[in-house]
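Notes for the one structure printed next.
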Amino acid sequence: MAAKVTAADRVSYKATTKHSLLTYMWKYRTLYLIALPGIIYFIIFKYVPLAGSVIAFQNYNIFKGFTGSEWVGLEHFKTMFQYQDFMRILTNTILLGLYDLVFAFPAPIILALLLNEIRLVVYKRLLQTIVYMPHFLSWVIISGIALGILSPSTGIVNHVIEWLGFEPIYFLGENSYIRTVLIGSGIWRDSGYGTIIYLAALAGINPDLYEAAEVDGAGRWKQTMAITLPSLIPTIMILFLLHIGKFLDLGFERVWVFLNALNTGNGEILDTYIYKAGLLSQQYSYTTAVGLFKSVVGLMLVFIGNFLSKKTTGESLY
């Protein structure tokens, strides 16, 4: 049986002098030039707007601006935790983030492994195209499809339930089903598109490893467990760390299109609450504090996850 594959040792460069650093950068000047537009984009649209977070500590007035608004310190954060429904909204966000991590994150990995086992190239490409397509539909269209499928009167799901002898269920009208609908629709929409990176990683595995495993008598299952999955570990860990960074950021559009007065109890999350309190009620400073809280939690999760990943697998973002 072929030995399990381990991640390759990292090759890094550490400059000893300023001159050696400049020499190294000049040697790879083309790569730095290619990266420059992306760096500029992140500086302008990601880092510069961080200065606006200061209004979380102010009673922001759009006419007085940052410099003229009154400072209130942590007052908005206190209001946030004292709000009677905040813990319910935070719990919804955490639970949906956890379900998304447990069920949605592994889905592209499993799908990529299944697609990788298809030997007929034409059928494989056709199937890949089919599973990619839902990603390019907006959440408005996805919600419309879900409404049609889950309708208590005309939906195919309820037709099956009635055929089995049970009463139809109004899935989008009950708190107990909204989380399942949100996670299920997300898996259907994004799993296929998420396989792209994993399929690229699978294409980079040395075929000689599989040939050696076959000679040793390993079947497809053992080859997957001993070669394929260990080779995917670096990719899986990096994407996992990126995923937990947005643990509380399920997405406004994804949830808002499914919400109604009957399922808000279990469906409302921080993003939808920020929209209602910030844009509709014009509480800019308060909702900035909520958003800052969400971002800080995400940053902490990235640090913790990166530390644990480095200690356990040797793979990390930095």
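Letters A, B, ... mark the chains of the structure tokens in the order given; residue numbers begin at 1 per chain; ligand numbers begin at 1, in order shown.
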
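The protein and nucleic acid residues lying at most 8 Å from Val72 (chain A) are Phe57, Gln58, Asn59 and His76 of chain A, with only C-alpha atoms considered and sequence neighbours fewer than 4 positions away removed.
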
Could those residues be written to a file, using C-alpha atoms, as an mmCIF file, in the first residue's frame?
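Output file out20.cif is given in full below:
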```
data_model
loop_
_atom_site.group_PDB
_atom_site.id
_atom_site.type_symbol
_atom_site.label_atom_id
_atom_site.label_comp_id
_atom_site.auth_asym_id
_atom_site.auth_seq_id
_atom_site.Cartn_x
_atom_site.Cartn_y
_atom_site.Cartn_z
ATOM 1 C CA PHE A 57 -17.890 55.782 18.882
ATOM 2 C CA GLN A 58 -19.807 58.927 17.916
ATOM 3 C CA ASN A 59 -23.344 60.209 17.587
ATOM 4 C CA HIS A 76 -23.546 52.211 21.241
#
```

(request) List every residue of region 123-186 of chain A that DSSP, applied to the backbone, labels as alpha helix (DSSP H), and write the result as an MDAnalysis selection string. (result) chainID A and resid 123:132 139:150 156:163 175:186

(request) Pick out the closest residue to Thr287 (chain A) from this set: A:Ile233, A:Ile178, A:Ile55, A:Leu36. Count only C-alpha atoms. (result) A:Ile55

(message) as a ChimeraX atom specification, please: the residues near Thr91 (chain A) (cut-off 12 Å, only C-alpha atoms, same-chain neighbours under 2 positions excluded).
(response) /A:85-89,93-98,248,265-270

Those residues you just picked out, can you put them in a file as a compact mmCIF listing (two decimals), in the first residue's frame with all heavy atoms?
```
# COMPACT_ATOMS: atom_id res chain seq x y z
N ASP A 85 -33.73 42.00 21.84
CA ASP A 85 -33.73 40.99 20.78
C ASP A 85 -32.32 40.72 20.22
O ASP A 85 -32.18 39.89 19.31
CB ASP A 85 -34.64 41.43 19.63
CG ASP A 85 -36.11 41.27 19.98
OD1 ASP A 85 -36.40 40.43 20.85
OD2 ASP A 85 -36.94 41.98 19.38
N PHE A 86 -31.31 41.42 20.75
CA PHE A 86 -29.97 41.27 20.17
C PHE A 86 -29.44 39.85 20.33
O PHE A 86 -28.86 39.29 19.40
CB PHE A 86 -28.99 42.27 20.79
CG PHE A 86 -27.60 42.14 20.24
CD1 PHE A 86 -27.30 42.64 18.97
CD2 PHE A 86 -26.59 41.52 20.96
CE1 PHE A 86 -26.02 42.52 18.45
CE2 PHE A 86 -25.32 41.39 20.45
CZ PHE A 86 -25.03 41.90 19.19
N MET A 87 -29.62 39.25 21.50
CA MET A 87 -29.11 37.90 21.73
C MET A 87 -29.81 36.88 20.83
O MET A 87 -29.19 35.91 20.39
CB MET A 87 -29.27 37.51 23.20
CG MET A 87 -28.35 38.26 24.15
SD MET A 87 -26.61 38.27 23.63
CE MET A 87 -26.24 36.51 23.66
N ARG A 88 -31.08 37.11 20.57
CA ARG A 88 -31.80 36.22 19.64
C ARG A 88 -31.22 36.33 18.23
O ARG A 88 -30.98 35.31 17.56
CB ARG A 88 -33.29 36.57 19.63
CG ARG A 88 -34.10 35.79 18.58
CD ARG A 88 -35.55 36.24 18.55
NE ARG A 88 -35.70 37.64 18.20
CZ ARG A 88 -35.66 38.11 16.94
NH1 ARG A 88 -35.47 37.28 15.93
NH2 ARG A 88 -35.84 39.39 16.71
N ILE A 89 -30.97 37.57 17.80
CA ILE A 89 -30.41 37.79 16.47
C ILE A 89 -28.99 37.23 16.38
O ILE A 89 -28.62 36.60 15.38
CB ILE A 89 -30.43 39.30 16.14
CG1 ILE A 89 -31.87 39.81 16.08
CG2 ILE A 89 -29.71 39.57 14.82
CD1 ILE A 89 -31.98 41.32 16.00
N THR A 93 -27.57 34.16 14.00
CA THR A 93 -26.39 34.33 13.14
C THR A 93 -25.36 33.24 13.41
O THR A 93 -24.78 32.66 12.48
CB THR A 93 -25.77 35.71 13.36
OG1 THR A 93 -26.77 36.73 13.23
CG2 THR A 93 -24.68 35.98 12.34
N ILE A 94 -25.11 32.96 14.69
CA ILE A 94 -24.13 31.95 15.07
C ILE A 94 -24.57 30.56 14.61
O ILE A 94 -23.78 29.79 14.05
CB ILE A 94 -23.89 31.97 16.59
CG1 ILE A 94 -23.18 33.26 17.00
CG2 ILE A 94 -23.05 30.76 17.02
CD1 ILE A 94 -23.03 33.43 18.49
N LEU A 95 -25.85 30.24 14.82
CA LEU A 95 -26.35 28.93 14.43
C LEU A 95 -26.30 28.73 12.92
O LEU A 95 -25.88 27.68 12.43
CB LEU A 95 -27.78 28.74 14.94
CG LEU A 95 -27.93 28.49 16.44
CD1 LEU A 95 -29.40 28.43 16.83
CD2 LEU A 95 -27.23 27.20 16.85
N LEU A 96 -26.71 29.75 12.18
CA LEU A 96 -26.66 29.65 10.72
C LEU A 96 -25.22 29.55 10.22
O LEU A 96 -24.92 28.80 9.29
CB LEU A 96 -27.36 30.86 10.09
CG LEU A 96 -28.89 30.83 10.13
CD1 LEU A 96 -29.48 32.17 9.72
CD2 LEU A 96 -29.43 29.72 9.23
N GLY A 97 -24.30 30.31 10.87
CA GLY A 97 -22.89 30.21 10.51
C GLY A 97 -22.33 28.84 10.81
O GLY A 97 -21.54 28.29 10.03
N LEU A 98 -22.76 28.26 11.93
CA LEU A 98 -22.30 26.92 12.32
C LEU A 98 -22.85 25.87 11.36
O LEU A 98 -22.11 24.97 10.91
CB LEU A 98 -22.75 26.62 13.75
CG LEU A 98 -22.25 25.29 14.36
CD1 LEU A 98 -20.74 25.28 14.43
CD2 LEU A 98 -22.85 25.09 15.74
N LEU A 248 -19.75 35.05 10.81
CA LEU A 248 -20.96 35.81 11.14
C LEU A 248 -21.48 36.61 9.94
O LEU A 248 -22.42 37.39 10.07
CB LEU A 248 -20.68 36.78 12.30
CG LEU A 248 -20.30 36.15 13.64
CD1 LEU A 248 -20.09 37.23 14.69
CD2 LEU A 248 -21.34 35.15 14.11
N GLY A 265 -38.35 35.15 13.54
CA GLY A 265 -37.85 34.73 14.84
C GLY A 265 -36.56 33.93 14.75
O GLY A 265 -35.62 34.15 15.51
N ASN A 266 -36.48 32.99 13.80
CA ASN A 266 -35.29 32.16 13.62
C ASN A 266 -34.46 32.55 12.41
O ASN A 266 -33.37 32.01 12.21
CB ASN A 266 -35.67 30.68 13.48
CG ASN A 266 -36.07 30.07 14.80
OD1 ASN A 266 -35.93 30.68 15.86
ND2 ASN A 266 -36.60 28.86 14.75
N GLY A 267 -34.98 33.49 11.60
CA GLY A 267 -34.29 33.82 10.36
C GLY A 267 -33.53 35.13 10.36
O GLY A 267 -32.62 35.31 9.57
N GLU A 268 -33.88 36.06 11.25
CA GLU A 268 -33.21 37.36 11.24
C GLU A 268 -31.78 37.22 11.75
O GLU A 268 -31.52 36.59 12.77
CB GLU A 268 -33.97 38.35 12.11
CG GLU A 268 -33.42 39.77 11.99
CD GLU A 268 -34.30 40.81 12.66
OE1 GLU A 268 -35.10 40.42 13.55
OE2 GLU A 268 -34.21 41.98 12.30
N ILE A 269 -30.83 37.84 11.02
CA ILE A 269 -29.42 37.80 11.40
C ILE A 269 -28.89 39.22 11.54
O ILE A 269 -29.63 40.20 11.33
CB ILE A 269 -28.59 37.03 10.35
CG1 ILE A 269 -28.68 37.72 8.98
CG2 ILE A 269 -29.04 35.57 10.27
CD1 ILE A 269 -27.75 37.14 7.94
N LEU A 270 -27.63 39.35 11.90
CA LEU A 270 -27.05 40.67 12.12
C LEU A 270 -27.11 41.54 10.87
O LEU A 270 -27.36 42.75 10.96
CB LEU A 270 -25.59 40.52 12.57
CG LEU A 270 -25.38 39.97 13.99
CD1 LEU A 270 -23.90 39.75 14.26
CD2 LEU A 270 -25.97 40.91 15.03
```

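Using only C-alpha atoms, the residues found no farther than 10 Å from Leu292 (chain A), other than those of its own chain fewer than 5 positions away, are Leu50, Ser53, Val54, Ala56, Phe77, Tyr286, Thr287, Val297 and Gly298 of chain A.
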
Could you please take those selected residues and save all heavy atoms as a compact mmCIF listing (two decimals), in the first residue's frame?
```
# COMPACT_ATOMS: atom_id res chain seq x y z
N LEU A 50 -11.99 51.72 6.35
CA LEU A 50 -11.94 51.36 7.76
C LEU A 50 -11.95 52.60 8.66
O LEU A 50 -12.38 52.52 9.82
CB LEU A 50 -10.68 50.53 8.06
CG LEU A 50 -10.68 49.08 7.55
CD1 LEU A 50 -9.33 48.43 7.83
CD2 LEU A 50 -11.80 48.28 8.21
N SER A 53 -15.10 53.54 10.51
CA SER A 53 -15.52 52.82 11.71
C SER A 53 -15.53 53.71 12.94
O SER A 53 -16.11 53.34 13.98
CB SER A 53 -14.62 51.61 11.96
OG SER A 53 -14.67 50.71 10.87
N VAL A 54 -14.92 54.87 12.83
CA VAL A 54 -14.86 55.79 13.97
C VAL A 54 -16.24 56.26 14.40
O VAL A 54 -16.46 56.60 15.57
CB VAL A 54 -13.96 57.00 13.62
CG1 VAL A 54 -14.64 57.91 12.61
CG2 VAL A 54 -13.60 57.79 14.87
N ALA A 56 -18.70 54.56 15.02
CA ALA A 56 -19.26 53.66 16.03
C ALA A 56 -19.09 54.22 17.43
O ALA A 56 -19.78 53.81 18.36
CB ALA A 56 -18.60 52.28 15.94
N PHE A 77 -22.19 50.32 21.90
CA PHE A 77 -21.95 48.91 22.18
C PHE A 77 -22.77 48.46 23.40
O PHE A 77 -23.29 47.34 23.42
CB PHE A 77 -20.46 48.66 22.43
CG PHE A 77 -19.60 48.87 21.21
CD1 PHE A 77 -19.01 50.09 20.95
CD2 PHE A 77 -19.41 47.84 20.30
CE1 PHE A 77 -18.23 50.29 19.83
CE2 PHE A 77 -18.63 48.01 19.17
CZ PHE A 77 -18.04 49.25 18.93
N TYR A 286 -25.00 53.45 15.59
CA TYR A 286 -25.35 52.22 16.31
C TYR A 286 -25.08 50.99 15.44
O TYR A 286 -24.47 50.01 15.90
CB TYR A 286 -26.82 52.27 16.72
CG TYR A 286 -27.35 50.99 17.29
CD1 TYR A 286 -26.84 50.45 18.47
CD2 TYR A 286 -28.37 50.29 16.64
CE1 TYR A 286 -27.32 49.27 18.99
CE2 TYR A 286 -28.87 49.11 17.16
CZ TYR A 286 -28.33 48.60 18.33
OH TYR A 286 -28.82 47.42 18.84
N THR A 287 -25.52 51.02 14.19
CA THR A 287 -25.32 49.86 13.33
C THR A 287 -23.87 49.70 12.90
O THR A 287 -23.43 48.59 12.60
CB THR A 287 -26.22 49.94 12.08
OG1 THR A 287 -26.10 51.25 11.48
CG2 THR A 287 -27.66 49.71 12.46
N VAL A 297 -15.16 39.90 15.79
CA VAL A 297 -15.35 38.47 16.07
C VAL A 297 -14.77 37.63 14.93
O VAL A 297 -14.08 36.62 15.17
CB VAL A 297 -16.84 38.15 16.27
CG1 VAL A 297 -17.06 36.64 16.34
CG2 VAL A 297 -17.36 38.82 17.53
N GLY A 298 -15.02 38.03 13.69
CA GLY A 298 -14.47 37.32 12.54
C GLY A 298 -12.95 37.32 12.53
O GLY A 298 -12.32 36.30 12.23
```

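Closest approach to Phe171 (chain A) among A:Ala146, A:Val48, A:Leu301, A:Ile187: A:Ala146, based on only C-alpha atoms.
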
At a cut-off of 12 Å, can you tabulate as JSON lines every residue of region 42-153 of chain A near region 206-227 of chain A together with its closest atom pair and the distance in Å to one decimal, using only C-alpha atoms and ordering rows by chain then number?
```
{"residue": "A:Ile110", "atom": "CA", "partner": "A:Thr224", "partner_atom": "CA", "distance": 11.2}
{"residue": "A:Ala112", "atom": "CA", "partner": "A:Thr224", "partner_atom": "CA", "distance": 11.8}
{"residue": "A:Leu113", "atom": "CA", "partner": "A:Thr224", "partner_atom": "CA", "distance": 8.3}
{"residue": "A:Leu114", "atom": "CA", "partner": "A:Thr224", "partner_atom": "CA", "distance": 10.5}
{"residue": "A:Asn116", "atom": "CA", "partner": "A:Thr224", "partner_atom": "CA", "distance": 10.3}
{"residue": "A:Glu117", "atom": "CA", "partner": "A:Arg220", "partner_atom": "CA", "distance": 8.7}
{"residue": "A:Ile118", "atom": "CA", "partner": "A:Arg220", "partner_atom": "CA", "distance": 11.9}
```

(message) Env of Phe105 (chain A): 10 Å cut, atoms = only C-alpha atoms, seq-sep filter 3 positions within chain, self excluded. Answer as a PyMOL selection string.
(response) chain A and resi 99-102+108-110+187+190-191+194+236+239-240+243

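Across the structure, CA of Leu242 (chain A) and CA of Asn306 (chain A) are spaced 9.6 Å apart.
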